[in-house]
>>> print(open('coords-v2.pdb').read())   # PDB, C-alpha atoms, pLDDT in the B column
MODEL        1
ATOM      1  CA  MET J  60      84.984 124.696 109.200  1.00 45.00           C
ATOM      2  CA  ILE J  61      86.474 122.935 106.174  1.00 48.00           C
ATOM      3  CA  ASN J  62      89.196 121.427 108.356  1.00 57.00           C
ATOM      4  CA  TRP J  63      86.493 119.796 110.496  1.00 61.00           C
ATOM      5  CA  LEU J  64      84.725 118.557 107.371  1.00 63.00           C
ATOM      6  CA  ASN J  65      87.951 116.916 106.199  1.00 62.00           C
ATOM      7  CA  ARG J  66      88.284 115.177 109.563  1.00 66.00           C
ATOM      8  CA  PHE J  67      84.683 113.992 109.401  1.00 69.00           C
ATOM      9  CA  ILE J  68      85.346 112.560 105.926  1.00 67.00           C
ATOM     10  CA  VAL J  69      88.283 110.517 107.261  1.00 69.00           C
ATOM     11  CA  LEU J  70      86.386 109.321 110.358  1.00 73.00           C
ATOM     12  CA  GLY J  71      83.232 108.611 108.341  1.00 74.00           C
ATOM     13  CA  MET J  72      85.114 106.453 105.840  1.00 69.00           C
ATOM     14  CA  ILE J  73      86.926 104.566 108.604  1.00 76.00           C
ATOM     15  CA  SER J  74      83.722 103.952 110.587  1.00 77.00           C
ATOM     16  CA  GLY J  75      81.896 102.751 107.470  1.00 74.00           C
ATOM     17  CA  MET J  76      84.673 100.310 106.574  1.00 73.00           C
ATOM     18  CA  VAL J  77      84.738  99.009 110.166  1.00 75.00           C
ATOM     19  CA  ALA J  78      80.962  98.492 110.036  1.00 76.00           C
ATOM     20  CA  ILE J  79      81.194  96.621 106.746  1.00 72.00           C
ATOM     21  CA  GLY J  80      83.977  94.452 108.164  1.00 71.00           C
ATOM     22  CA  LEU J  81      81.916  93.611 111.259  1.00 71.00           C
ATOM     23  CA  MET J  82      78.890  92.713 109.151  1.00 71.00           C
ATOM     24  CA  LEU J  83      80.980  90.495 106.869  1.00 68.00           C
ATOM     25  CA  ALA J  84      82.341  88.788 109.979  1.00 65.00           C
ATOM     26  CA  GLY J  85      78.780  88.084 111.146  1.00 64.00           C
ATOM     27  CA  MET J  86      78.972  90.448 114.138  1.00 62.00           C
ATOM     28  CA  HIS J  87      76.031  92.656 113.144  1.00 57.00           C
ATOM     29  CA  ARG J  88      73.295  91.180 115.326  1.00 61.00           C
ATOM     30  CA  PRO J  89      74.060  92.792 118.718  1.00 57.00           C
ATOM     31  CA  VAL J  90      74.053  96.445 117.487  1.00 62.00           C
ATOM     32  CA  PRO J  91      72.437  96.660 114.028  1.00 70.00           C
ATOM     33  CA  SER J  92      71.313 100.296 114.446  1.00 77.00           C
ATOM     34  CA  LEU J  93      74.860 101.441 115.294  1.00 77.00           C
ATOM     35  CA  LEU J  94      76.287  99.663 112.253  1.00 76.00           C
ATOM     36  CA  ILE J  95      73.641 101.255 110.028  1.00 78.00           C
ATOM     37  CA  ILE J  96      74.615 104.693 111.357  1.00 79.00           C
ATOM     38  CA  MET J  97      78.286 103.912 110.693  1.00 78.00           C
ATOM     39  CA  CYS J  98      77.451 102.895 107.113  1.00 78.00           C
ATOM     40  CA  LEU J  99      75.434 106.094 106.651  1.00 82.00           C
ATOM     41  CA  CYS J 100      78.490 108.038 107.833  1.00 79.00           C
ATOM     42  CA  LEU J 101      80.472 106.342 105.066  1.00 78.00           C
ATOM     43  CA  ILE J 102      77.903 107.360 102.445  1.00 79.00           C
ATOM     44  CA  VAL J 103      77.831 110.981 103.668  1.00 80.00           C
ATOM     45  CA  ALA J 104      81.639 111.095 103.855  1.00 77.00           C
ATOM     46  CA  VAL J 105      81.999 109.839 100.270  1.00 73.00           C
ATOM     47  CA  TRP J 106      79.474 112.454  99.077  1.00 72.00           C
ATOM     48  CA  MET J 107      81.277 115.254 100.946  1.00 70.00           C
ATOM     49  CA  ARG J 108      84.599 114.073  99.595  1.00 67.00           C
ATOM     50  CA  SER J 109      83.292 114.328  96.040  1.00 65.00           C
ATOM     51  CA  ARG J 110      82.342 117.961  96.770  1.00 65.00           C
ATOM     52  CA  LEU J 111      85.551 119.068  98.503  1.00 66.00           C
ATOM     53  CA  TYR J 112      88.047 116.863  96.643  1.00 69.00           C
ATOM     54  CA  ARG J 113      88.077 117.825  92.975  1.00 71.00           C
ATOM     55  CA  PRO J 114      89.648 115.151  90.718  1.00 72.00           C
ATOM     56  CA  LEU J 115      92.105 116.529  88.145  1.00 75.00           C
ATOM     57  CA  HIS J 116      93.660 113.387  86.677  1.00 78.00           C
ATOM     58  CA  ARG J 117      92.889 109.661  86.750  1.00 78.00           C
ATOM     59  CA  TYR J 118      95.251 106.846  85.874  1.00 77.00           C
ATOM     60  CA  LYS J 119      94.682 103.140  86.455  1.00 74.00           C
ATOM     61  CA  GLY J 120      92.616 103.683  89.584  1.00 71.00           C
ATOM     62  CA  VAL J 121      94.817 106.452  90.988  1.00 78.00           C
ATOM     63  CA  VAL J 122      93.271 109.925  91.266  1.00 79.00           C
ATOM     64  CA  ILE J 123      95.175 113.207  91.539  1.00 84.00           C
ATOM     65  CA  ARG J 124      92.879 115.442  93.591  1.00 81.00           C
ATOM     66  CA  TYR J 125      92.685 119.169  94.200  1.00 81.00           C
ATOM     67  CA  ILE J 126      91.645 119.472  97.879  1.00 83.00           C
ATOM     68  CA  GLN J 127      90.283 122.580  99.582  1.00 82.00           C
ATOM     69  CA  GLU J 128      91.644 122.601 103.125  1.00 83.00           C
ATOM     70  CA  ALA J 129      90.256 125.998 104.139  1.00 82.00           C
ATOM     71  CA  PRO J 130      88.319 128.824 102.432  1.00 83.00           C
ATOM     72  CA  GLU J 131      91.417 130.030 100.551  1.00 88.00           C
ATOM     73  CA  VAL J 132      93.849 127.137 101.007  1.00 91.00           C
ATOM     74  CA  TRP J 133      94.296 124.255  98.553  1.00 89.00           C
ATOM     75  CA  SER J 134      96.606 121.292  98.071  1.00 88.00           C
ATOM     76  CA  SER J 135      96.953 118.433  95.602  1.00 82.00           C
ATOM     77  CA  HIS J 136      97.085 114.772  96.646  1.00 80.00           C
ATOM     78  CA  ILE J 137      97.658 111.387  95.075  1.00 79.00           C
ATOM     79  CA  CYS J 138      94.565 109.439  96.127  1.00 70.00           C
ATOM     80  CA  GLY J 139      92.592 106.391  95.103  1.00 61.00           C
ATOM     81  CA  ARG J 140      93.137 102.693  95.731  1.00 58.00           C
ATOM     82  CA  GLU J 141      92.852 103.312  99.494  1.00 55.00           C
ATOM     83  CA  VAL J 142      90.459 100.419 100.023  1.00 54.00           C
ATOM     84  CA  ARG J 143      92.586  98.149  97.830  1.00 57.00           C
ATOM     85  CA  MET J 144      95.761  99.063  99.716  1.00 55.00           C
ATOM     86  CA  ILE J 145      94.056  98.539 103.090  1.00 57.00           C
ATOM     87  CA  GLY J 146      92.812  95.170 101.829  1.00 59.00           C
ATOM     88  CA  LYS J 147      96.344  94.215 100.755  1.00 58.00           C
ATOM     89  CA  ALA J 148      97.727  95.254 104.125  1.00 58.00           C
ATOM     90  CA  LEU J 149      95.080  93.256 105.998  1.00 60.00           C
ATOM     91  CA  GLY J 150      95.749  90.266 103.765  1.00 63.00           C
ATOM     92  CA  ARG J 151      99.473  90.514 104.481  1.00 60.00           C
ATOM     93  CA  TRP J 152      98.813  90.767 108.228  1.00 63.00           C
ATOM     94  CA  ILE J 153      96.615  87.646 108.092  1.00 64.00           C
ATOM     95  CA  LEU J 154      99.364  85.784 106.195  1.00 62.00           C
ATOM     96  CA  VAL J 155     101.929  86.846 108.806  1.00 61.00           C
ATOM     97  CA  VAL J 156      99.712  85.456 111.588  1.00 64.00           C
ATOM     98  CA  LEU J 157      99.101  82.225 109.673  1.00 64.00           C
ATOM     99  CA  HIS J 158     102.810  81.905 108.872  1.00 59.00           C
ATOM    100  CA  ARG J 159     103.654  82.153 112.575  1.00 67.00           C
ATOM    101  CA  LEU J 160     101.041  79.561 113.442  1.00 66.00           C
ATOM    102  CA  MET J 161     101.902  77.298 110.504  1.00 66.00           C
ATOM    103  CA  PRO J 162     105.470  77.922 109.244  1.00 65.00           C
ATOM    104  CA  CYS J 163     104.756  75.697 106.240  1.00 62.00           C
ATOM    105  CA  ILE J 164     102.767  78.585 104.724  1.00 55.00           C
ATOM    106  CA  SER J 165     105.172  80.618 102.603  1.00 57.00           C
ATOM    107  CA  MET J 166     104.876  84.357 102.072  1.00 50.00           C
ATOM    108  CA  ALA J 167     106.801  87.292 100.667  1.00 55.00           C
ATOM    109  CA  ASN J 168     108.912  89.542 102.879  1.00 53.00           C
ATOM    110  CA  PRO J 169     106.351  91.210 105.222  1.00 50.00           C
ATOM    111  CA  SER J 170     108.645  94.195 105.786  1.00 50.00           C
ATOM    112  CA  GLN J 171     108.548  95.128 102.096  1.00 51.00           C
ATOM    113  CA  PRO J 172     106.368  98.284 101.785  1.00 50.00           C
ATOM    114  CA  LEU J 173     103.292  98.258  99.585  1.00 49.00           C
ATOM    115  CA  ARG J 174     103.340 100.362  96.426  1.00 54.00           C
ATOM    116  CA  LEU J 175     100.648 101.806  94.227  1.00 51.00           C
ATOM    117  CA  PHE J 176     102.573 100.378  91.277  1.00 52.00           C
ATOM    118  CA  GLU J 177     105.629  98.216  90.942  1.00 52.00           C
ATOM    119  CA  GLU J 178     106.283  99.303  87.343  1.00 51.00           C
ATOM    120  CA  SER J 179     108.588 102.309  87.019  1.00 61.00           C
ATOM    121  CA  ASP J 180     106.712 103.547  83.932  1.00 66.00           C
ATOM    122  CA  CYS J 181     103.480 103.788  85.932  1.00 76.00           C
ATOM    123  CA  ARG J 182     105.217 105.656  88.740  1.00 77.00           C
ATOM    124  CA  ARG J 183     106.686 108.134  86.247  1.00 83.00           C
ATOM    125  CA  THR J 184     103.253 108.718  84.733  1.00 85.00           C
ATOM    126  CA  ILE J 185     101.677 109.374  88.142  1.00 84.00           C
ATOM    127  CA  ASN J 186     104.498 111.757  89.076  1.00 86.00           C
ATOM    128  CA  ALA J 187     103.999 113.646  85.809  1.00 89.00           C
ATOM    129  CA  LEU J 188     100.247 113.907  86.411  1.00 89.00           C
ATOM    130  CA  SER J 189     100.836 115.101  89.971  1.00 90.00           C
ATOM    131  CA  PHE J 190     103.161 117.841  88.737  1.00 93.00           C
ATOM    132  CA  SER J 191     100.632 118.795  86.045  1.00 92.00           C
ATOM    133  CA  ALA J 192      97.956 119.161  88.747  1.00 91.00           C
ATOM    134  CA  PHE J 193     100.246 121.443  90.762  1.00 94.00           C
ATOM    135  CA  GLU J 194     100.874 123.664  87.727  1.00 95.00           C
ATOM    136  CA  ARG J 195      97.153 123.757  86.981  1.00 93.00           C
ATOM    137  CA  MET J 196      96.429 124.947  90.513  1.00 93.00           C
ATOM    138  CA  LEU J 197      98.985 127.733  90.124  1.00 95.00           C
ATOM    139  CA  ASP J 198      97.390 128.900  86.882  1.00 95.00           C
ATOM    140  CA  GLU J 199      93.763 128.626  88.014  1.00 93.00           C
ATOM    141  CA  LEU J 200      94.238 130.385  91.357  1.00 94.00           C
ATOM    142  CA  GLU J 201      96.581 133.206  90.369  1.00 94.00           C
ATOM    143  CA  GLN J 202      93.725 135.751  90.200  1.00 93.00           C
ATOM    144  CA  ARG J 203      92.141 134.659  93.474  1.00 94.00           C
ATOM    145  CA  CYS J 204      92.823 137.069  96.317  1.00 94.00           C
ATOM    146  CA  GLY J 205      94.335 135.336  99.357  1.00 94.00           C
ATOM    147  CA  ALA J 206      94.911 132.020  97.566  1.00 95.00           C
ATOM    148  CA  VAL J 207      97.418 129.673  99.220  1.00 96.00           C
ATOM    149  CA  ILE J 208      98.694 126.331  97.860  1.00 96.00           C
ATOM    150  CA  ILE J 209     100.445 123.762 100.052  1.00 95.00           C
ATOM    151  CA  SER J 210     102.500 121.030  98.407  1.00 94.00           C
ATOM    152  CA  ALA J 211     104.012 118.687 100.998  1.00 94.00           C
ATOM    153  CA  SER J 212     104.573 114.950 100.688  1.00 91.00           C
ATOM    154  CA  ALA J 213     106.725 112.077 101.896  1.00 90.00           C
ATOM    155  CA  LEU J 214     107.615 111.669  98.211  1.00 89.00           C
ATOM    156  CA  ASN J 215     109.573 114.945  98.410  1.00 93.00           C
ATOM    157  CA  PHE J 216     112.395 113.415 100.447  1.00 92.00           C
ATOM    158  CA  GLU J 217     115.509 113.156  98.294  1.00 91.00           C
ATOM    159  CA  ASP J 218     115.868 109.465  99.099  1.00 89.00           C
ATOM    160  CA  ARG J 219     112.339 108.867  97.760  1.00 87.00           C
ATOM    161  CA  GLN J 220     112.145 110.988  94.611  1.00 88.00           C
ATOM    162  CA  PRO J 221     115.153 113.244  93.965  1.00 90.00           C
ATOM    163  CA  GLY J 222     114.247 116.531  92.310  1.00 92.00           C
ATOM    164  CA  ARG J 223     110.484 116.297  92.923  1.00 93.00           C
ATOM    165  CA  LEU J 224     110.367 119.293  95.250  1.00 95.00           C
ATOM    166  CA  GLN J 225     112.825 121.306  93.165  1.00 96.00           C
ATOM    167  CA  GLU J 226     110.607 120.783  90.116  1.00 96.00           C
ATOM    168  CA  ARG J 227     107.735 122.476  91.931  1.00 96.00           C
ATOM    169  CA  ILE J 228     109.940 125.320  93.137  1.00 96.00           C
ATOM    170  CA  GLU J 229     111.004 126.009  89.558  1.00 97.00           C
ATOM    171  CA  ALA J 230     107.368 126.008  88.423  1.00 97.00           C
ATOM    172  CA  VAL J 231     106.613 128.733  90.993  1.00 97.00           C
ATOM    173  CA  GLN J 232     109.676 130.754  90.012  1.00 97.00           C
ATOM    174  CA  LEU J 233     108.434 130.837  86.402  1.00 97.00           C
ATOM    175  CA  ARG J 234     105.249 132.601  87.583  1.00 96.00           C
ATOM    176  CA  PRO J 235     106.030 136.055  89.081  1.00 95.00           C
ATOM    177  CA  VAL J 236     102.523 136.362  90.541  1.00 96.00           C
ATOM    178  CA  TRP J 237     103.477 133.731  93.137  1.00 97.00           C
ATOM    179  CA  THR J 238     106.046 133.543  95.907  1.00 97.00           C
ATOM    180  CA  TYR J 239     106.944 130.552  98.084  1.00 97.00           C
ATOM    181  CA  GLN J 240     108.637 129.279 101.198  1.00 96.00           C
ATOM    182  CA  GLU J 241     110.190 125.851 101.703  1.00 96.00           C
ATOM    183  CA  ILE J 242     108.556 124.191 104.691  1.00 96.00           C
ATOM    184  CA  PHE J 243     108.101 120.991 106.642  1.00 95.00           C
ATOM    185  CA  ARG J 244     104.539 119.920 107.368  1.00 95.00           C
ATOM    186  CA  THR J 245     103.478 117.858 110.379  1.00 93.00           C
ATOM    187  CA  LEU J 246     100.828 115.439 109.107  1.00 90.00           C
ATOM    188  CA  HIS J 247      97.656 114.398 110.907  1.00 84.00           C
ATOM    189  CA  ARG J 248      97.813 111.199 112.937  1.00 83.00           C
ATOM    190  CA  SER J 249      95.494 109.406 110.486  1.00 75.00           C
ATOM    191  CA  ASP J 250      97.768 110.233 107.529  1.00 79.00           C
ATOM    192  CA  THR J 251     100.802 109.176 109.557  1.00 84.00           C
ATOM    193  CA  VAL J 252      99.296 105.825 110.567  1.00 78.00           C
ATOM    194  CA  PHE J 253      98.165 105.124 106.990  1.00 72.00           C
ATOM    195  CA  GLY J 254     101.585 105.991 105.548  1.00 77.00           C
ATOM    196  CA  ARG J 255     103.585 104.046 108.105  1.00 77.00           C
ATOM    197  CA  ARG J 256     101.355 100.967 108.306  1.00 71.00           C
ATOM    198  CA  ILE J 257     100.340 100.670 104.655  1.00 68.00           C
ATOM    199  CA  PHE J 258     103.275 102.153 102.735  1.00 72.00           C
ATOM    200  CA  GLY J 259     106.030 101.452 105.236  1.00 73.00           C
ATOM    201  CA  TRP J 260     107.212 105.015 105.831  1.00 81.00           C
ATOM    202  CA  PRO J 261     110.241 104.944 108.140  1.00 85.00           C
ATOM    203  CA  ILE J 262     110.209 106.985 111.344  1.00 87.00           C
ATOM    204  CA  ARG J 263     112.694 109.714 110.524  1.00 89.00           C
ATOM    205  CA  SER J 264     114.905 111.736 112.823  1.00 84.00           C
ATOM    206  CA  GLY J 265     112.912 114.305 114.801  1.00 82.00           C
ATOM    207  CA  GLU J 266     109.543 112.577 114.294  1.00 85.00           C
ATOM    208  CA  ASN J 267     107.295 110.983 116.885  1.00 86.00           C
ATOM    209  CA  HIS J 268     103.648 109.909 116.507  1.00 88.00           C
ATOM    210  CA  ARG J 269     103.138 112.346 113.594  1.00 91.00           C
ATOM    211  CA  ALA J 270     105.182 112.249 110.409  1.00 92.00           C
ATOM    212  CA  ILE J 271     106.955 115.391 109.174  1.00 93.00           C
ATOM    213  CA  VAL J 272     107.340 115.820 105.418  1.00 94.00           C
ATOM    214  CA  PRO J 273     109.073 118.447 103.232  1.00 95.00           C
ATOM    215  CA  GLY J 274     107.365 120.733 100.766  1.00 96.00           C
ATOM    216  CA  ILE J 275     106.555 124.329  99.876  1.00 96.00           C
ATOM    217  CA  VAL J 276     103.753 126.759 100.663  1.00 97.00           C
ATOM    218  CA  VAL J 277     102.864 129.148  97.844  1.00 97.00           C
ATOM    219  CA  TRP J 278     100.967 132.429  98.014  1.00 97.00           C
ATOM    220  CA  ARG J 279     100.447 135.424  95.745  1.00 97.00           C
ATOM    221  CA  SER J 280     103.196 138.036  95.931  1.00 95.00           C
ATOM    222  CA  SER J 281     100.588 140.793  96.391  1.00 95.00           C
ATOM    223  CA  ASP J 282      99.075 139.080  99.458  1.00 95.00           C
ATOM    224  CA  SER J 283     100.351 138.783 103.011  1.00 94.00           C
ATOM    225  CA  ARG J 284     102.152 135.664 104.156  1.00 94.00           C
ATOM    226  CA  PRO J 285      99.744 132.899 105.298  1.00 93.00           C
ATOM    227  CA  ASP J 286      99.493 131.599 108.857  1.00 92.00           C
ATOM    228  CA  PHE J 287     101.955 128.711 108.999  1.00 94.00           C
ATOM    229  CA  VAL J 288     100.915 127.509 112.459  1.00 92.00           C
ATOM    230  CA  ALA J 289      97.274 126.990 111.431  1.00 89.00           C
ATOM    231  CA  PHE J 290      98.338 124.336 108.917  1.00 90.00           C
ATOM    232  CA  ASP J 291     101.156 122.703 110.920  1.00 92.00           C
ATOM    233  CA  LEU J 292     103.881 124.245 108.778  1.00 94.00           C
ATOM    234  CA  THR J 293     107.422 125.063 109.866  1.00 93.00           C
ATOM    235  CA  GLU J 294     109.967 126.956 107.795  1.00 93.00           C
ATOM    236  CA  ALA J 295     112.576 124.500 106.514  1.00 88.00           C
ATOM    237  CA  ASP J 296     115.487 126.624 107.761  1.00 80.00           C
ATOM    238  CA  LYS J 297     114.013 126.977 111.251  1.00 68.00           C
ATOM    239  CA  ARG J 298     113.334 123.286 111.651  1.00 64.00           C
ATOM    240  CA  THR J 299     116.816 122.392 110.392  1.00 56.00           C
ATOM    241  CA  SER J 300     118.506 124.816 112.770  1.00 52.00           C
ATOM    242  CA  THR J 301     116.352 123.726 115.725  1.00 50.00           C
ATOM    243  CA  HIS J 302     117.068 120.068 115.016  1.00 51.00           C
ATOM    244  CA  SER J 303     120.807 120.752 114.726  1.00 47.00           C
ATOM    245  CA  ALA J 304     120.831 122.599 118.040  1.00 47.00           C
TER     246      ALA J 304
ENDMDL
END
>>> encode(input="coords-v2.pdb", output="structure tokens")
Amino acid sequence: MINWLNRFIVLGMISGMVAIGLMLAGMHRPVPSLLIIMCLCLIVAVWMRSRLYRPLHRYKGVVIRYIQEAPEVWSSHICGREVRMIGKALGRWILVVLHRLMPCISMANPSQPLRLFEESDCRRTINALSFSAFERMLDELEQRCGAVIISASALNFEDRQPGRLQERIEAVQLRPVWTYQEIFRTLHRSDTVFGRRIFGWPIRSGENHRAIVPGIVVWRSSDSRPDFVAFDLTEADKRTSTHSA
């Protein structure tokens, strides 16, 4: 049920932004009722997101959220600035088109990926807050029967942020109530498109239309192992051996 709610939130926000874009472009007259419904979907999606996505930390417009993916499954995410990043990407695309039509218009390298922050100090702060949120989830959920935490991100690749995943593994190892398994997670198509188009994620070996990112899944030592398939998880060792074969 919660998985479907998360999908509705994504679709509702996209439909609302499309409706707003059409109205700003003056294309609202043919189907005003449909655009109103799309905008209402955006409002409902934002309200539902505030209920399911609990903010833990905020920093310069970036929000570290604690997201409930299923009745006993949680994950933390670096969110916020989505609309701003989409706006930047659209602005860059428009400049690329104009540059091709009128080469006299100068622009920065269009292949350069967008970043939440260019300053290294800001990135370090966000990484520290993200790790703090992960530790907080471990501490708050340790008494909850059946609790599962998934921490998987494109930032965990060693060529992106060396040591980020290992830091989380060590945090779990310091808490005997928890156990973990290193995994790869296949992301939803919407997350993949956003990451590749907005942030310039490369298509890595073994991927296709859905990105695959490293991480860990954590569950209480006294509980049974969670269902990996239900959340698009693959044990790291199995995926590595399958890819090598």
>>> closest_residue(input="coords-v2.pdb", among="J:Leu246, J:Cys181, J:Cys204, J:Val272", to="Glu217 in chain J", atoms="all atoms listed in the file")
J:Val272
>>> atom_distance(input="coords-v2.pdb", atom1="CA of Arg263 in chain J", atom2="CA of His247 in chain J")
15.8 Å
>>> atom_distance(input="coords-v2.pdb", atom1="CA of Leu94 in chain J", atom2="CA of Ala78 in chain J")
5.3 Å
>>> atom_distance(input="coords-v2.pdb", atom1="CA of Ile123 in chain J", atom2="CA of Leu292 in chain J")
22.2 Å
>>> resolve_selection(input="coords-v2.pdb", expression="the PyMOL selection byres ((chain J and resi 281) around 9)", output="list of chain:residue names")
J:Cys204, J:Gly205, J:Val236, J:Trp237, J:Trp278, J:Arg279, J:Ser280, J:Asp282, J:Ser283
>>> residues_around(input="coords-v2.pdb", residues="range 227-234 of chain J", least_positions_apart="3", cutoff="8 Å", atoms="all atoms listed in the file", output="NGL selection string")
:J and (190 or 193-194 or 197 or 223-224 or 237-239 or 275 or 277)
>>> resolve_selection(input="coords-v2.pdb", expression="the PyMOL selection byres ((chain J and resi 132) around 9)", output="count of residues only")
13
>>> residues_around(input="coords-v2.pdb", residues="Glu241 in chain J", least_positions_apart="4", cutoff="9 Å", atoms="only C-alpha atoms", output="number ranges by chain")
J: 228, 273-277, 293-296
>>> write_last_selection(input="coords-v2.pdb", atoms="C-alpha atoms", output="tab-separated table (two decimals), keeping the file's coordinate frame")
chain	number	residue	atom	x	y	z
J	228	ILE	CA	109.94	125.32	93.14
J	273	PRO	CA	109.07	118.45	103.23
J	274	GLY	CA	107.36	120.73	100.77
J	275	ILE	CA	106.56	124.33	99.88
J	276	VAL	CA	103.75	126.76	100.66
J	277	VAL	CA	102.86	129.15	97.84
J	293	THR	CA	107.42	125.06	109.87
J	294	GLU	CA	109.97	126.96	107.80
J	295	ALA	CA	112.58	124.50	106.51
J	296	ASP	CA	115.49	126.62	107.76
>>> residues_around(input="coords-v2.pdb", residues="Tyr125 in chain J", least_positions_apart="5", cutoff="10 Å", atoms="only C-alpha atoms", output="PyMOL selection string")
chain J and resi 111-116+133-137+192-193+195-196
>>> write_last_selection(input="coords-v2.pdb", atoms="C-alpha atoms", output="PDB file, in the coordinates of the input")
ATOM      1  CA  LEU J 111      85.551 119.068  98.503  1.00 66.00           C
ATOM      2  CA  TYR J 112      88.047 116.863  96.643  1.00 69.00           C
ATOM      3  CA  ARG J 113      88.077 117.825  92.975  1.00 71.00           C
ATOM      4  CA  PRO J 114      89.648 115.151  90.718  1.00 72.00           C
ATOM      5  CA  LEU J 115      92.105 116.529  88.145  1.00 75.00           C
ATOM      6  CA  HIS J 116      93.660 113.387  86.677  1.00 78.00           C
ATOM      7  CA  TRP J 133      94.296 124.255  98.553  1.00 89.00           C
ATOM      8  CA  SER J 134      96.606 121.292  98.071  1.00 88.00           C
ATOM      9  CA  SER J 135      96.953 118.433  95.602  1.00 82.00           C
ATOM     10  CA  HIS J 136      97.085 114.772  96.646  1.00 80.00           C
ATOM     11  CA  ILE J 137      97.658 111.387  95.075  1.00 79.00           C
ATOM     12  CA  ALA J 192      97.956 119.161  88.747  1.00 91.00           C
ATOM     13  CA  PHE J 193     100.246 121.443  90.762  1.00 94.00           C
ATOM     14  CA  ARG J 195      97.153 123.757  86.981  1.00 93.00           C
ATOM     15  CA  MET J 196      96.429 124.947  90.513  1.00 93.00           C
TER      16      MET J 196
END
>>> decode(input="coords-v2.pdb", residues="range 285-296 of chain J", atoms="N, CA, C and O atoms", output="PDB file, in the first residue's frame")
ATOM      1  N   PRO J 285      14.827  -9.902   5.788  1.00  0.00           N
ATOM      2  CA  PRO J 285      13.734  -9.325   4.981  1.00  0.00           C
ATOM      3  C   PRO J 285      13.716  -9.880   3.559  1.00  0.00           C
ATOM      4  O   PRO J 285      14.687 -10.489   3.092  1.00  0.00           O
ATOM      5  N   ASP J 286      12.611  -9.640   2.881  1.00  0.00           N
ATOM      6  CA  ASP J 286      12.437 -10.070   1.490  1.00  0.00           C
ATOM      7  C   ASP J 286      13.180  -9.104   0.572  1.00  0.00           C
ATOM      8  O   ASP J 286      12.754  -7.974   0.370  1.00  0.00           O
ATOM      9  N   PHE J 287      14.296  -9.553   0.024  1.00  0.00           N
ATOM     10  CA  PHE J 287      15.100  -8.688  -0.837  1.00  0.00           C
ATOM     11  C   PHE J 287      14.388  -8.377  -2.150  1.00  0.00           C
ATOM     12  O   PHE J 287      14.438  -7.253  -2.651  1.00  0.00           O
ATOM     13  N   VAL J 288      13.718  -9.364  -2.719  1.00  0.00           N
ATOM     14  CA  VAL J 288      13.096  -9.196  -4.035  1.00  0.00           C
ATOM     15  C   VAL J 288      12.029  -8.107  -4.004  1.00  0.00           C
ATOM     16  O   VAL J 288      11.885  -7.326  -4.957  1.00  0.00           O
ATOM     17  N   ALA J 289      11.289  -8.009  -2.903  1.00  0.00           N
ATOM     18  CA  ALA J 289      10.185  -7.045  -2.819  1.00  0.00           C
ATOM     19  C   ALA J 289      10.666  -5.609  -2.950  1.00  0.00           C
ATOM     20  O   ALA J 289       9.902  -4.734  -3.364  1.00  0.00           O
ATOM     21  N   PHE J 290      11.938  -5.369  -2.624  1.00  0.00           N
ATOM     22  CA  PHE J 290      12.467  -4.001  -2.665  1.00  0.00           C
ATOM     23  C   PHE J 290      13.608  -3.851  -3.669  1.00  0.00           C
ATOM     24  O   PHE J 290      14.451  -2.966  -3.541  1.00  0.00           O
ATOM     25  N   ASP J 291      13.625  -4.770  -4.653  1.00  0.00           N
ATOM     26  CA  ASP J 291      14.604  -4.694  -5.760  1.00  0.00           C
ATOM     27  C   ASP J 291      16.039  -4.720  -5.259  1.00  0.00           C
ATOM     28  O   ASP J 291      16.895  -3.973  -5.743  1.00  0.00           O
ATOM     29  N   LEU J 292      16.305  -5.575  -4.285  1.00  0.00           N
ATOM     30  CA  LEU J 292      17.640  -5.697  -3.719  1.00  0.00           C
ATOM     31  C   LEU J 292      18.302  -6.991  -4.199  1.00  0.00           C
ATOM     32  O   LEU J 292      17.647  -8.019  -4.351  1.00  0.00           O
ATOM     33  N   THR J 293      19.601  -6.919  -4.415  1.00  0.00           N
ATOM     34  CA  THR J 293      20.392  -8.083  -4.784  1.00  0.00           C
ATOM     35  C   THR J 293      21.640  -8.098  -3.915  1.00  0.00           C
ATOM     36  O   THR J 293      22.280  -7.057  -3.731  1.00  0.00           O
ATOM     37  N   GLU J 294      21.970  -9.246  -3.355  1.00  0.00           N
ATOM     38  CA  GLU J 294      23.184  -9.339  -2.553  1.00  0.00           C
ATOM     39  C   GLU J 294      24.386  -8.923  -3.397  1.00  0.00           C
ATOM     40  O   GLU J 294      24.503  -9.313  -4.563  1.00  0.00           O
ATOM     41  N   ALA J 295      25.280  -8.135  -2.801  1.00  0.00           N
ATOM     42  CA  ALA J 295      26.422  -7.606  -3.547  1.00  0.00           C
ATOM     43  C   ALA J 295      27.269  -8.726  -4.139  1.00  0.00           C
ATOM     44  O   ALA J 295      27.680  -8.668  -5.294  1.00  0.00           O
ATOM     45  N   ASP J 296      27.498  -9.795  -3.355  1.00  0.00           N
ATOM     46  CA  ASP J 296      28.336 -10.892  -3.829  1.00  0.00           C
ATOM     47  C   ASP J 296      27.696 -11.601  -5.010  1.00  0.00           C
ATOM     48  O   ASP J 296      28.362 -11.961  -5.974  1.00  0.00           O
TER      49      ASP J 296
END
